[in-house]
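Engineer: For reference, the structure I am asking about is given below.
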Amino acid sequence: MFDILVYLFQHYMEFSARPEPGTLAKKLSAVGFEQGEIDEALAWLNGLNEQDDHAVADPAGTTPHRVFTTEEQQRLGTECLGFLLFLENSRIVSPFQREIILERATALAGGEEGMSLPEFKVIVLMVLWSQSVELDTLLIEALLTDPEDEVLH
């Protein structure tokens with residue numbers, strides 16, 4: 001499913017420019033994605049749309065401090081949550097965006113192992129993309145690159 005999300009980001013400049021779900025499902029199928037993955041991705045995107053529909057401006061004076069629930073800690077792990085805190089402290093994501101990222105990530109994270117950092121980065125990218133946030137090229141590269149694939153010189 002994460003491959004589908006990356007594909008959408010790479011092929012549609014704006015989140016709102018992607019086709020309707022039925023047309024999108026046909027296009028994704030034609031490209032070679034399996035129906036189960038397509039259905040899962042479309043359901044996840046629908047949940048993201050619902051989050052955006054309930055979007056409100058961050059209230060003035062909102063504190064950026066957040067205590068993660070036990071479920072969030074178990075499902076996402078310290079690596080993902082640490083990365084999220086880094087993004088928030090760097091002012092790349094707002095407290096409101098942090099909450100959307102957490103909701104969408106916990107909607108996918110399952111099992112004992114939880115979510116990997118590369119998967120989590122795709123979710124961060126999708127949330128920012130869905131909100132039409134201007135993304136720096138270096139940020140996009142950091143979000144789409146798996147650190148294990150990098151070669152040190």
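By order of appearance in the structure tokens: chains A, B, ..., then residues from 1 within every chain, and ligands from 1 in the order shown.
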What's the 10 Å shell around Glu34 of chain A, counting only C-alpha atoms, without same-chain residues fewer than 4 positions away, as a ChimeraX atom specification?

Structural biologist: /A:1,4,25,28-30,38-39

Engineer: Write to file, as a PDB file, in the first residue's frame, the residues of the selection just made, with all heavy atoms.

Structural biologist:
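The resulting file, selection-v2.pdb, is reproduced below:
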ATOM      1  N   MET A   1       0.800  -1.185   0.000  1.00  0.00           N
ATOM      2  CA  MET A   1       0.000   0.000   0.000  1.00  0.00           C
ATOM      3  C   MET A   1       0.854   1.264   0.000  1.00  0.00           C
ATOM      4  O   MET A   1       0.496   2.249  -0.614  1.00  0.00           O
ATOM      5  CB  MET A   1      -0.939   0.003   1.212  1.00  0.00           C
ATOM      6  CG  MET A   1      -1.877   1.170   1.128  1.00  0.00           C
ATOM      7  SD  MET A   1      -2.672   1.668   2.630  1.00  0.00           S
ATOM      8  CE  MET A   1      -1.449   2.703   3.322  1.00  0.00           C
ATOM      9  N   ILE A   4       1.735   2.512  -3.366  1.00  0.00           N
ATOM     10  CA  ILE A   4       0.650   3.253  -4.028  1.00  0.00           C
ATOM     11  C   ILE A   4       0.668   4.709  -3.580  1.00  0.00           C
ATOM     12  O   ILE A   4       0.531   5.625  -4.397  1.00  0.00           O
ATOM     13  CB  ILE A   4      -0.725   2.612  -3.742  1.00  0.00           C
ATOM     14  CG1 ILE A   4      -0.817   1.253  -4.443  1.00  0.00           C
ATOM     15  CG2 ILE A   4      -1.856   3.529  -4.187  1.00  0.00           C
ATOM     16  CD1 ILE A   4      -2.077   0.472  -4.129  1.00  0.00           C
ATOM     17  N   ALA A  25      -8.772   3.869  -8.936  1.00  0.00           N
ATOM     18  CA  ALA A  25      -8.615   2.421  -8.767  1.00  0.00           C
ATOM     19  C   ALA A  25      -8.310   1.751 -10.107  1.00  0.00           C
ATOM     20  O   ALA A  25      -7.434   0.882 -10.191  1.00  0.00           O
ATOM     21  CB  ALA A  25      -9.876   1.824  -8.145  1.00  0.00           C
ATOM     22  N   LEU A  28      -4.685   2.655 -11.110  1.00  0.00           N
ATOM     23  CA  LEU A  28      -3.716   1.924 -10.300  1.00  0.00           C
ATOM     24  C   LEU A  28      -3.659   0.452 -10.699  1.00  0.00           C
ATOM     25  O   LEU A  28      -2.584  -0.152 -10.740  1.00  0.00           O
ATOM     26  CB  LEU A  28      -4.048   2.070  -8.815  1.00  0.00           C
ATOM     27  CG  LEU A  28      -3.866   3.473  -8.236  1.00  0.00           C
ATOM     28  CD1 LEU A  28      -4.433   3.543  -6.814  1.00  0.00           C
ATOM     29  CD2 LEU A  28      -2.410   3.891  -8.258  1.00  0.00           C
ATOM     30  N   SER A  29      -4.804  -0.108 -11.011  1.00  0.00           N
ATOM     31  CA  SER A  29      -4.853  -1.496 -11.466  1.00  0.00           C
ATOM     32  C   SER A  29      -4.130  -1.648 -12.804  1.00  0.00           C
ATOM     33  O   SER A  29      -3.382  -2.607 -13.010  1.00  0.00           O
ATOM     34  CB  SER A  29      -6.303  -1.951 -11.579  1.00  0.00           C
ATOM     35  OG  SER A  29      -6.367  -3.289 -11.987  1.00  0.00           O
ATOM     36  N   ALA A  30      -4.332  -0.697 -13.689  1.00  0.00           N
ATOM     37  CA  ALA A  30      -3.690  -0.738 -15.010  1.00  0.00           C
ATOM     38  C   ALA A  30      -2.174  -0.627 -14.892  1.00  0.00           C
ATOM     39  O   ALA A  30      -1.440  -1.207 -15.704  1.00  0.00           O
ATOM     40  CB  ALA A  30      -4.226   0.384 -15.891  1.00  0.00           C
ATOM     41  N   ILE A  38      -4.943  -1.643  -3.534  1.00  0.00           N
ATOM     42  CA  ILE A  38      -5.673  -0.468  -4.016  1.00  0.00           C
ATOM     43  C   ILE A  38      -6.811  -0.136  -3.064  1.00  0.00           C
ATOM     44  O   ILE A  38      -6.984   1.025  -2.672  1.00  0.00           O
ATOM     45  CB  ILE A  38      -6.194  -0.697  -5.454  1.00  0.00           C
ATOM     46  CG1 ILE A  38      -5.026  -0.808  -6.438  1.00  0.00           C
ATOM     47  CG2 ILE A  38      -7.144   0.421  -5.873  1.00  0.00           C
ATOM     48  CD1 ILE A  38      -5.410  -1.284  -7.825  1.00  0.00           C
ATOM     49  N   ASP A  39      -7.586  -1.136  -2.677  1.00  0.00           N
ATOM     50  CA  ASP A  39      -8.705  -0.918  -1.754  1.00  0.00           C
ATOM     51  C   ASP A  39      -8.220  -0.349  -0.423  1.00  0.00           C
ATOM     52  O   ASP A  39      -8.823   0.574   0.129  1.00  0.00           O
ATOM     53  CB  ASP A  39      -9.481  -2.216  -1.520  1.00  0.00           C
ATOM     54  CG  ASP A  39     -10.204  -2.707  -2.766  1.00  0.00           C
ATOM     55  OD1 ASP A  39     -10.419  -1.907  -3.702  1.00  0.00           O
ATOM     56  OD2 ASP A  39     -10.547  -3.908  -2.797  1.00  0.00           O
TER      57      ASP A  39
END

Engineer: Taking only C-alpha atoms into account, name the residue in A:Leu42, A:Leu128, A:Ile140, A:Leu5 that is nearest to Lys26 of chain A.

Structural biologist: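 Comparing A:Leu42, A:Leu128, A:Ile140, A:Leu5 against Lys26 of chain A, the winner is A:Leu42.
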
Engineer: When distances are computed from only C-alpha atoms, which of A:Gln51, A:Ala107, A:Phe15, A:Leu117 shows the smallest separation from Glu71 of chain A?

Structural biologist: A:Ala107

Engineer: Residues at most 10 Å from Phe120 of chain A, counting only C-alpha atoms, excluding those fewer than 3 positions away in the same chain, as a ChimeraX atom specification?

Structural biologist: /A:2,76,79-81,83-84,101-102,104-106,108-109,115-117,123-126,143

Engineer: Give one line per residue of segment 15-107 of chain A that approaches segment 132-137 of chain A to at most 10 Å, naming the two atoms of the closest pair and their distance in Å to one decimal, counting only C-alpha atoms; sort by chain then ascending residue number and deliver it as a Markdown table.

Structural biologist:
| residue | atom | partner | partner_atom | distance |
| --- | --- | --- | --- | --- |
| A:Phe15 | CA | A:Ser132 | CA | 7.1 |
| A:Ser16 | CA | A:Ser132 | CA | 8.7 |
| A:Ile92 | CA | A:Leu135 | CA | 9.3 |
| A:Val93 | CA | A:Val133 | CA | 9.6 |
